Amino acid sequence: MAISVGSRRVSSKQQKVINKFLVNKVIPPVFGLFIFLVLWQLLCLIPGFQLPGPIETFSETWDPFIIQPFFDNGGSDKGLGWQILTSLGRVALGFSLAAVVGVVLGIFIGVNKFLYNAVDPIFQVLRTIPPLAWLPISLAAFQQANPSAIFVIFITSIWPILINTTVGVQNIPQDYVNVARVLRLRKDKYFLKIVFPATVPYIFTGLRIGIGLSWLAIVAAEMLVGGVGIGSFIWDAYNTTTETNLSEIIIALVYVGLVGLMLDRMVAFIADKVVKTEHK
């Protein structure tokens, strides 16, 4: 009987958690999405409105772009799944390079005041340059579309990582520094035991901003460099614009937005776990 009562209590608690999750996390976004789709469909009823509505977009792209995202007819005629994976491959390489270089440089610049004063004005100028402005330079330097796109991702995403890491090092509590001096920590241990753990929250803030900028940059860069990739797919569909192609562009934008959301949530999830571990 006690077990039964205990079971009921656990079940009741679980039900409360589920209900709270539904009320706070599921129902509001579903309601918001429903209102958005209704407003979009109503706009399409206006005479002269050129964009397809959600129902039309869904019906025109269902086969093959929704149910067959990985079809491959050769060349650049591939499903949105392959287009997204190709773009993600470029983002992974460019962003990883930016993360490594940004964190290492940020730490060294943060601990050296003279070096910071020397390079900060240069970085502040370079970080304001729009991503696509780098594309002609990268094409001239690399002479190939793929490394040029990767460079654009790298140069776009490195600044928030570099700057946030530098700020994190500069904001290490003085008590931490004093403890390191008292314990006479070697430089390597000082970096591993003091600098890096104290800077982790700042680093992941930069990484989260950087991954978003990477995804924005690759879509824009691929529109110009061509080949396979979600940006190239959108641009090719626009250049052969028909009513059906507009639906393809819209569904591709939906894919882009969902992937961007997943990338942001992934970095946020890793940041939450790492920061908690470092602060234990």
# chains A, B, ... in the order shown; residues from 1 in each chain; ligands from 1
call {"tool": "residues_around", "arguments": {"residues": "segment 125-129 of chain A", "least_positions_apart": "2", "cutoff": "9 Å", "atoms": "only C-alpha atoms", "output": "MDAnalysis selection string"}}
result
chainID A and resid 120:123 131:134 155:156 158:160
call {"tool": "residues_around", "arguments": {"residues": "segment 223-230 of chain A", "least_positions_apart": "4", "cutoff": "6 Å", "atoms": "only C-alpha atoms", "output": "ChimeraX atom specification"}}
result
/A:76,83-84,86-87,145,235
call {"tool": "write_last_selection", "arguments": {"atoms": "all heavy atoms", "output": "PDB file, in the first residue's frame"}}
result
ATOM      1  N   SER A  76      24.971  20.001 -58.724  1.00  0.00           N
ATOM      2  CA  SER A  76      24.418  20.765 -57.609  1.00  0.00           C
ATOM      3  C   SER A  76      22.937  20.476 -57.391  1.00  0.00           C
ATOM      4  O   SER A  76      22.305  21.076 -56.520  1.00  0.00           O
ATOM      5  CB  SER A  76      24.612  22.269 -57.857  1.00  0.00           C
ATOM      6  OG  SER A  76      23.963  22.664 -59.061  1.00  0.00           O
ATOM      7  N   GLN A  83      22.575  19.921 -49.104  1.00  0.00           N
ATOM      8  CA  GLN A  83      22.956  21.339 -49.150  1.00  0.00           C
ATOM      9  C   GLN A  83      23.323  21.835 -47.748  1.00  0.00           C
ATOM     10  O   GLN A  83      24.347  22.512 -47.563  1.00  0.00           O
ATOM     11  CB  GLN A  83      21.802  22.183 -49.712  1.00  0.00           C
ATOM     12  CG  GLN A  83      21.245  21.727 -51.051  1.00  0.00           C
ATOM     13  CD  GLN A  83      22.131  22.090 -52.230  1.00  0.00           C
ATOM     14  OE1 GLN A  83      23.160  22.732 -52.093  1.00  0.00           O
ATOM     15  NE2 GLN A  83      21.725  21.672 -53.429  1.00  0.00           N
ATOM     16  N   ILE A  84      22.494  21.481 -46.764  1.00  0.00           N
ATOM     17  CA  ILE A  84      22.749  21.890 -45.381  1.00  0.00           C
ATOM     18  C   ILE A  84      24.031  21.258 -44.852  1.00  0.00           C
ATOM     19  O   ILE A  84      24.859  21.924 -44.211  1.00  0.00           O
ATOM     20  CB  ILE A  84      21.561  21.509 -44.480  1.00  0.00           C
ATOM     21  CG1 ILE A  84      20.333  22.360 -44.799  1.00  0.00           C
ATOM     22  CG2 ILE A  84      21.929  21.630 -43.011  1.00  0.00           C
ATOM     23  CD1 ILE A  84      20.405  23.781 -44.336  1.00  0.00           C
ATOM     24  N   THR A  86      26.648  20.223 -46.489  1.00  0.00           N
ATOM     25  CA  THR A  86      27.821  20.842 -47.126  1.00  0.00           C
ATOM     26  C   THR A  86      28.142  22.177 -46.460  1.00  0.00           C
ATOM     27  O   THR A  86      29.307  22.478 -46.158  1.00  0.00           O
ATOM     28  CB  THR A  86      27.559  21.054 -48.626  1.00  0.00           C
ATOM     29  OG1 THR A  86      27.296  19.790 -49.250  1.00  0.00           O
ATOM     30  CG2 THR A  86      28.776  21.682 -49.301  1.00  0.00           C
ATOM     31  N   SER A  87      27.105  22.972 -46.227  1.00  0.00           N
ATOM     32  CA  SER A  87      27.311  24.264 -45.560  1.00  0.00           C
ATOM     33  C   SER A  87      27.817  24.072 -44.140  1.00  0.00           C
ATOM     34  O   SER A  87      28.706  24.804 -43.675  1.00  0.00           O
ATOM     35  CB  SER A  87      26.000  25.062 -45.541  1.00  0.00           C
ATOM     36  OG  SER A  87      25.567  25.360 -46.849  1.00  0.00           O
ATOM     37  N   ALA A 145      36.656  28.635 -54.598  1.00  0.00           N
ATOM     38  CA  ALA A 145      35.449  29.044 -53.882  1.00  0.00           C
ATOM     39  C   ALA A 145      35.402  28.477 -52.462  1.00  0.00           C
ATOM     40  O   ALA A 145      35.079  29.199 -51.513  1.00  0.00           O
ATOM     41  CB  ALA A 145      34.208  28.606 -54.667  1.00  0.00           C
ATOM     42  N   TRP A 235      20.253  31.051 -54.008  1.00  0.00           N
ATOM     43  CA  TRP A 235      20.593  31.992 -55.087  1.00  0.00           C
ATOM     44  C   TRP A 235      20.229  31.423 -56.455  1.00  0.00           C
ATOM     45  O   TRP A 235      19.708  32.148 -57.312  1.00  0.00           O
ATOM     46  CB  TRP A 235      22.072  32.325 -55.025  1.00  0.00           C
ATOM     47  CG  TRP A 235      22.487  33.446 -55.934  1.00  0.00           C
ATOM     48  CD1 TRP A 235      23.342  33.382 -56.989  1.00  0.00           C
ATOM     49  CD2 TRP A 235      22.061  34.811 -55.853  1.00  0.00           C
ATOM     50  NE1 TRP A 235      23.485  34.607 -57.572  1.00  0.00           N
ATOM     51  CE2 TRP A 235      22.711  35.516 -56.893  1.00  0.00           C
ATOM     52  CE3 TRP A 235      21.216  35.510 -54.998  1.00  0.00           C
ATOM     53  CZ2 TRP A 235      22.518  36.873 -57.122  1.00  0.00           C
ATOM     54  CZ3 TRP A 235      21.025  36.872 -55.219  1.00  0.00           C
ATOM     55  CH2 TRP A 235      21.669  37.532 -56.270  1.00  0.00           C
TER      56      TRP A 235
END
call {"tool": "closest_residue", "arguments": {"among": "A:Val259, A:Val17, A:Ile218, A:Cys44", "to": "Leu93 of chain A", "atoms": "only C-alpha atoms"}}
result
A:Ile218
call {"tool": "atom_distance", "arguments": {"atom1": "atom CA of Leu43 of chain A", "atom2": "atom CA of Asp63 of chain A"}}
result
25.0 Å
call {"tool": "residues_around", "arguments": {"residues": "Ile250 of chain A", "least_positions_apart": "3", "cutoff": "9 Å", "atoms": "only C-alpha atoms", "output": "ChimeraX atom specification"}}
result
/A:52,57,234,245-247,253-255
call {"tool": "closest_residue", "arguments": {"among": "A:Val256, A:Ala221, A:Ile109, A:Ile251", "to": "Trp62 of chain A", "atoms": "only C-alpha atoms"}}
result
A:Ile251
call {"tool": "select_by_dssp", "arguments": {"residues": "segment 35-268 of chain A", "states": "alpha helix (DSSP H)", "output": "MDAnalysis selection string"}}
result
chainID A and resid 35:43 54:61 80:111 113:126 135:142 145:170 174:183 187:190 196:225 230:239 243:268
call {"tool": "atom_distance", "arguments": {"atom1": "atom CA of Phe65 of chain A", "atom2": "atom CA of Phe36 of chain A"}}
result
22.2 Å
call {"tool": "residues_around", "arguments": {"residues": "segment 189-193 of chain A", "least_positions_apart": "4", "cutoff": "10 Å", "atoms": "only C-alpha atoms", "output": "NGL selection string"}}
result
:A and (107 or 176-177 or 180-181 or 183-185 or 197-198 or 278)
call {"tool": "closest_residue", "arguments": {"among": "A:Leu37, A:Ser214, A:Val195, A:Gly206", "to": "Gln174 of chain A", "atoms": "only C-alpha atoms"}}
result
A:Val195
